Structures are given as structure tokens and as C-alpha cells.
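S.K.: One structure is given below, represented as C-alpha cells, and several questions about it will come after.
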Amino acid sequence: MSDDEARAADTARLPTLEKTPGGGDGLEQSGSAADYAPTGDDDHSGRRPWSARRVPAALVAVVLLGALGLLLYDVAAVRAGRPAMAWRTWLAHQLATRHLDSTWVLAAAAFAVLLGVWLLVLALTPGLRELLPMRRTAPGVRARLDRSAAALVLRDRAMEVAGVQSVRMTVGRRKARARAFAHFRELDEVRGDLDRALGDGLAQLGLAHGLHLTVEVRRPKKG
């Protein structure tokens with residue numbers, strides 16, 4: 001085999017995207033939103049994993065351990081014949097003399113309510129909102145994809161479209177949004193190619209739940 005034949009065998013034409021008819025002369029064109037749901041017969045019932053909540057649990061444990069340890073030490077000291085600590089004497093006096101409508105009592109009650117609501121929210125929600133569940137293709141295997149990584153993959157996909165100068169890609173829990181600048185070609189053509197490219201990219205991510213895709217294309221500012 002000659003060198004020319006070897007080079008021809010190793011060279012393949014890159015796939016191209018078909019153009020959509022129509023053109024846009026405006027400064028901005030917004031793509032039609034579409035839902036890109038996963039395809040196939042795989043198990044799509046992926047859920048977000050539950051966060052371990054190590055930092056809030058550690059903070060609560062340290063505060064409770066310190067407060068209960070200090071209280072236990074003071075009680076043991078009083079039983080041994082020593083005077084009670086000043087903070088416990090002051091706290092007992094405040095509890096005995098302050099009325100329920102006092103500003104300090106209401107502020108402390110509000111803080112306790114907010115703290116309790118925060119702890120309940122942490123206990124009843126899974127957290128890890130930056131992770132997107134992926135389809136389960138094998139029993140016992142659960143995968144998650146970081147939203148920033150998904151946005152980076154889709155951005156690389158969008159930059160391969162002819163006419164795209166720059167793209168800002170954001171991926172949420174239910175939506176994916178692309179804001180692109182096109183420096184040549186008609187805006188409608190670029191938008192159509194972006195719809196197809198990003199739709200294929202979303203399908204290939206293997207997510208358990210479909211994302212709502214929105215594409216916006218505009219001309220870059222002059223000057």
C-alpha cells in the first residue's frame with residue numbers, strides 16, 4: 001500500500017449538520033424549547049443520593065456536647081459544695097424574671113424556630129443538588145453526573161457548530177439553557193443546528209430524567 005493510500009484510509013470525513021431553511025436578520029433569535037427525554041428500555045427511576053451532611057451534624061454534635069459537658073460539670077461542682085458558675089446563675093435569674101413578651105425572649109424563640117426548621121430541611125431533603133442521576137444500565141450500579149461537567153460537555157458540542165463564536169451553557173436540575181453568539185451564517189440556521197447538536201448531546205449524557213432545552217442565538221456586539 002502506498003503512502004497516499006494509507007493516508008486516505010486513515011482520514012475520514014467529519015459528520016456535518018444539515019441546515020434548516022429560513023433566515024433571521026434580527027439581532028437575537030430564541031430557539032424553541034424542547035424536552036429531551038432519555039430513550040431506551042433502561043431503568044429511568046434514578047434519584048439523587050442523600051448527602052451525608054457531615055458538617056451540620058458535626059456542628060450540632062460539638063455544640064450539644066460542649067453545652068451538656070459544661071452543664072454536667074457545673075452540676076457536679078455544686079453537688080461537691082462549690083458555688084454555681086456565673087452563667088448558670090445569670091440564666092436562672094433571667095428565666096425567672098423576664099416576661100414572655102420580652103424582645104430577648106422573642107428573639108431567642110425565633111432563632112430556635114429557624115434553627116429547628118433548618119435541621120428539619122436538612123433531615124428531609126437529599127441535598128447534593130449539583131448531581132444529576134443517570135440511567136441505571138446494570139443492577140446495583142448507580143451513577144451521578146455533575147451539572148458543571150454536563151454543561152462543559154454540551155458547551156464543547158455547541159462550539160462544533162459552524163458559525164458559533166462563543167457559548168454560555170447552564171445546566172439545572174430540569175433545564176439546560178444555551179446562549180450563543182454567531183458571527184456568520186443566518187441565526188435561524190445556527191439555532192437549528194444547535195438544537196440538534198445539543199439535543200443529541202443531552203441524549204448521550206445518559207440522564208435518568210429529560211432536561212428542558214432552550215437555545216438563544218444572537219449577534220456579538222460591535223465595537
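All residue names refer to the C-alpha cells as shown: chains lettered A, B, ... in order, residues numbered from 1 in each chain, ligands numbered from 1 in order.
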With only C-alpha atoms as the counted atoms, please give the residues lying no more than 12 Å from region 145-159 of chain A, apart from itself and same-chain residues fewer than 3 positions off, as a compact mmCIF listing (two decimals) with N, CA and C atoms, in the first residue's frame.

M.R.:
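Final output, part22.txt:
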```txt
# COMPACT_ATOMS: atom_id res chain seq x y z
N LEU A 17 -23.80 18.83 9.96
CA LEU A 17 -25.19 19.02 10.33
C LEU A 17 -25.94 19.67 9.19
N GLY A 46 -34.02 6.98 38.41
CA GLY A 46 -32.88 7.44 39.18
C GLY A 46 -33.27 8.55 40.12
N ARG A 47 -32.68 8.55 41.28
CA ARG A 47 -32.94 9.58 42.27
C ARG A 47 -31.62 10.13 42.77
N ARG A 48 -31.70 11.35 43.28
CA ARG A 48 -30.49 11.93 43.84
C ARG A 48 -30.06 11.17 45.08
N PRO A 49 -28.76 11.01 45.28
CA PRO A 49 -28.30 10.36 46.52
C PRO A 49 -28.48 11.30 47.70
N LEU A 128 -27.22 17.52 47.70
CA LEU A 128 -26.42 17.20 46.52
C LEU A 128 -27.13 17.62 45.24
N ARG A 129 -27.54 18.87 45.20
CA ARG A 129 -28.30 19.39 44.06
C ARG A 129 -27.43 19.54 42.82
N GLU A 130 -26.11 19.49 42.96
CA GLU A 130 -25.22 19.62 41.82
C GLU A 130 -25.07 18.32 41.04
N LEU A 131 -25.66 17.23 41.52
CA LEU A 131 -25.52 15.94 40.85
C LEU A 131 -26.82 15.56 40.14
N LEU A 132 -26.69 15.12 38.91
CA LEU A 132 -27.84 14.66 38.12
C LEU A 132 -27.82 13.14 38.06
N PRO A 133 -28.92 12.47 38.43
CA PRO A 133 -28.94 11.00 38.36
C PRO A 133 -28.90 10.51 36.93
N MET A 134 -28.17 9.44 36.69
CA MET A 134 -28.05 8.85 35.37
C MET A 134 -28.84 7.55 35.31
N ARG A 135 -29.11 7.09 34.10
CA ARG A 135 -29.87 5.86 33.92
C ARG A 135 -29.10 4.68 34.49
N ARG A 142 -25.30 2.67 40.42
CA ARG A 142 -25.96 3.98 40.35
C ARG A 142 -24.90 5.03 40.09
N ALA A 162 -20.99 25.11 13.10
CA ALA A 162 -20.43 26.16 12.25
C ALA A 162 -21.16 27.48 12.50
N GLY A 163 -20.37 28.54 12.64
CA GLY A 163 -20.94 29.87 12.84
C GLY A 163 -20.98 30.30 14.30
N VAL A 164 -20.78 29.39 15.24
CA VAL A 164 -20.85 29.72 16.66
C VAL A 164 -19.51 30.30 17.10
N GLN A 165 -19.55 31.49 17.65
CA GLN A 165 -18.33 32.15 18.14
C GLN A 165 -18.07 31.84 19.60
N SER A 166 -19.09 31.88 20.42
CA SER A 166 -18.96 31.56 21.84
C SER A 166 -20.31 31.09 22.36
N VAL A 167 -20.25 30.31 23.42
CA VAL A 167 -21.47 29.75 24.01
C VAL A 167 -21.35 29.82 25.52
N ARG A 168 -22.44 30.19 26.15
CA ARG A 168 -22.54 30.10 27.60
C ARG A 168 -23.62 29.07 27.91
N MET A 169 -23.21 27.98 28.55
CA MET A 169 -24.11 26.85 28.80
C MET A 169 -24.37 26.73 30.29
N THR A 170 -25.64 26.64 30.65
CA THR A 170 -26.02 26.42 32.05
C THR A 170 -26.95 25.21 32.10
N VAL A 171 -26.69 24.34 33.06
CA VAL A 171 -27.49 23.13 33.24
C VAL A 171 -28.04 23.12 34.65
N GLY A 172 -29.36 23.06 34.75
CA GLY A 172 -30.02 22.97 36.05
C GLY A 172 -30.53 21.57 36.30
N ARG A 173 -31.36 21.44 37.31
CA ARG A 173 -31.92 20.12 37.62
C ARG A 173 -32.94 19.68 36.60
N ARG A 174 -33.64 20.63 35.96
CA ARG A 174 -34.68 20.28 34.99
C ARG A 174 -34.51 20.99 33.65
N LYS A 175 -33.61 21.96 33.57
CA LYS A 175 -33.47 22.74 32.35
C LYS A 175 -32.01 22.86 31.94
N ALA A 176 -31.81 22.95 30.65
CA ALA A 176 -30.50 23.25 30.07
C ALA A 176 -30.68 24.44 29.14
N ARG A 177 -29.84 25.45 29.28
CA ARG A 177 -30.01 26.67 28.51
C ARG A 177 -28.69 27.05 27.86
N ALA A 178 -28.75 27.36 26.58
CA ALA A 178 -27.57 27.76 25.82
C ALA A 178 -27.76 29.17 25.30
N ARG A 179 -26.76 30.03 25.53
CA ARG A 179 -26.75 31.39 24.98
C ARG A 179 -25.54 31.49 24.08
N ALA A 180 -25.77 31.57 22.79
CA ALA A 180 -24.68 31.51 21.82
C ALA A 180 -24.60 32.81 21.03
N PHE A 181 -23.38 33.13 20.57
CA PHE A 181 -23.12 34.25 19.68
C PHE A 181 -22.65 33.68 18.35
N ALA A 182 -23.30 34.09 17.28
CA ALA A 182 -22.96 33.62 15.93
C ALA A 182 -22.40 34.79 15.13
N VAL A 190 -28.13 28.62 12.49
CA VAL A 190 -27.28 28.28 13.64
C VAL A 190 -28.12 27.74 14.78
N ARG A 191 -29.26 28.37 15.00
CA ARG A 191 -30.14 27.90 16.07
C ARG A 191 -30.63 26.48 15.82
N GLY A 192 -31.02 26.17 14.59
CA GLY A 192 -31.47 24.82 14.26
C GLY A 192 -30.38 23.79 14.46
N ASP A 193 -29.15 24.12 14.05
CA ASP A 193 -28.04 23.19 14.24
C ASP A 193 -27.71 23.01 15.71
N LEU A 194 -27.82 24.09 16.47
CA LEU A 194 -27.59 23.98 17.91
C LEU A 194 -28.65 23.12 18.58
N ASP A 195 -29.90 23.27 18.16
CA ASP A 195 -30.97 22.43 18.71
C ASP A 195 -30.65 20.95 18.52
N ARG A 196 -30.22 20.60 17.32
CA ARG A 196 -29.94 19.19 17.04
C ARG A 196 -28.69 18.72 17.77
N ALA A 197 -27.64 19.54 17.75
CA ALA A 197 -26.39 19.12 18.38
C ALA A 197 -26.55 18.96 19.89
N LEU A 198 -27.20 19.93 20.51
CA LEU A 198 -27.38 19.86 21.97
C LEU A 198 -28.40 18.79 22.34
N GLY A 199 -29.42 18.59 21.48
CA GLY A 199 -30.36 17.50 21.75
C GLY A 199 -29.69 16.15 21.73
N ASP A 200 -28.81 15.93 20.72
CA ASP A 200 -28.05 14.68 20.68
C ASP A 200 -27.11 14.56 21.88
N GLY A 201 -26.51 15.70 22.27
CA GLY A 201 -25.62 15.67 23.43
C GLY A 201 -26.34 15.32 24.71
N LEU A 202 -27.54 15.87 24.90
CA LEU A 202 -28.32 15.54 26.09
C LEU A 202 -28.72 14.07 26.10
N ALA A 203 -29.08 13.54 24.93
CA ALA A 203 -29.45 12.13 24.87
C ALA A 203 -28.27 11.22 25.20
N GLN A 204 -27.06 11.64 24.80
CA GLN A 204 -25.88 10.82 25.04
C GLN A 204 -25.32 10.95 26.45
N LEU A 205 -25.80 11.92 27.22
CA LEU A 205 -25.35 12.04 28.60
C LEU A 205 -25.85 10.89 29.47
N GLY A 206 -26.92 10.24 29.06
CA GLY A 206 -27.44 9.11 29.81
C GLY A 206 -28.14 9.49 31.10
N LEU A 207 -28.81 10.64 31.11
CA LEU A 207 -29.50 11.09 32.31
C LEU A 207 -30.80 10.32 32.51
N ALA A 208 -31.17 10.13 33.76
CA ALA A 208 -32.40 9.39 34.06
C ALA A 208 -33.64 10.21 33.75
N HIS A 209 -33.54 11.53 33.84
CA HIS A 209 -34.68 12.40 33.59
C HIS A 209 -34.32 13.38 32.48
N LEU A 211 -34.15 16.76 30.23
CA LEU A 211 -33.96 18.17 30.53
C LEU A 211 -34.66 19.02 29.47
N LEU A 213 -34.65 21.92 27.10
CA LEU A 213 -33.59 22.65 26.41
C LEU A 213 -34.12 23.95 25.82
N VAL A 215 -32.51 27.32 23.59
CA VAL A 215 -31.36 27.82 22.84
C VAL A 215 -31.64 29.25 22.42
N GLU A 216 -30.71 30.14 22.69
CA GLU A 216 -30.78 31.54 22.27
C GLU A 216 -29.53 31.88 21.46
N VAL A 217 -29.74 32.48 20.31
CA VAL A 217 -28.63 32.85 19.42
C VAL A 217 -28.75 34.32 19.09
```

S.K.: Using backbone DSSP assignments, extract all strand (DSSP E) residues from region 98-216 of chain A; output them as a ChimeraX atom specification.

M.R.: /A:131-133,144-146,164-171,175-182,211-216

S.K.: With C-alpha atoms retained, export the selected residues as an mmCIF file, in the first residue's frame.

M.R.:
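Now in part_33.cif:
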```
data_model
loop_
_atom_site.group_PDB
_atom_site.id
_atom_site.type_symbol
_atom_site.label_atom_id
_atom_site.label_comp_id
_atom_site.auth_asym_id
_atom_site.auth_seq_id
_atom_site.Cartn_x
_atom_site.Cartn_y
_atom_site.Cartn_z
ATOM 1 C CA LEU A 131 -25.524 15.935 40.853
ATOM 2 C CA LEU A 132 -27.835 14.662 38.124
ATOM 3 C CA PRO A 133 -28.938 10.997 38.362
ATOM 4 C CA ARG A 144 -24.445 10.590 39.039
ATOM 5 C CA LEU A 145 -23.194 13.370 36.754
ATOM 6 C CA ASP A 146 -22.058 16.754 37.992
ATOM 7 C CA VAL A 164 -20.850 29.723 16.656
ATOM 8 C CA GLN A 165 -18.332 32.149 18.139
ATOM 9 C CA SER A 166 -18.960 31.563 21.840
ATOM 10 C CA VAL A 167 -21.471 29.746 24.008
ATOM 11 C CA ARG A 168 -22.544 30.099 27.602
ATOM 12 C CA MET A 169 -24.114 26.854 28.796
ATOM 13 C CA THR A 170 -26.021 26.419 32.045
ATOM 14 C CA VAL A 171 -27.487 23.130 33.237
ATOM 15 C CA LYS A 175 -33.473 22.740 32.348
ATOM 16 C CA ALA A 176 -30.499 23.254 30.070
ATOM 17 C CA ARG A 177 -30.006 26.673 28.513
ATOM 18 C CA ALA A 178 -27.568 27.757 25.816
ATOM 19 C CA ARG A 179 -26.754 31.388 24.983
ATOM 20 C CA ALA A 180 -24.680 31.512 21.816
ATOM 21 C CA PHE A 181 -23.124 34.248 19.682
ATOM 22 C CA ALA A 182 -22.958 33.618 15.934
ATOM 23 C CA LEU A 211 -33.963 18.174 30.530
ATOM 24 C CA HIS A 212 -35.896 21.069 29.021
ATOM 25 C CA LEU A 213 -33.588 22.651 26.411
ATOM 26 C CA THR A 214 -33.677 26.332 25.477
ATOM 27 C CA VAL A 215 -31.364 27.816 22.839
ATOM 28 C CA GLU A 216 -30.780 31.542 22.269
#
```

S.K.: Which distance in Å separates CA of Leu114 (chain A) and CA of Ala61 (chain A), to one decimal?

M.R.: 17.8 Å

S.K.: Looking only at the backbone, which of the residues in region 45-200 of chain A does DSSP tag as helix (DSSP H, G or I), as a PyMOL selection string?

M.R.: chain A and resi 54-79+86-97+103-124+147-159+187-200
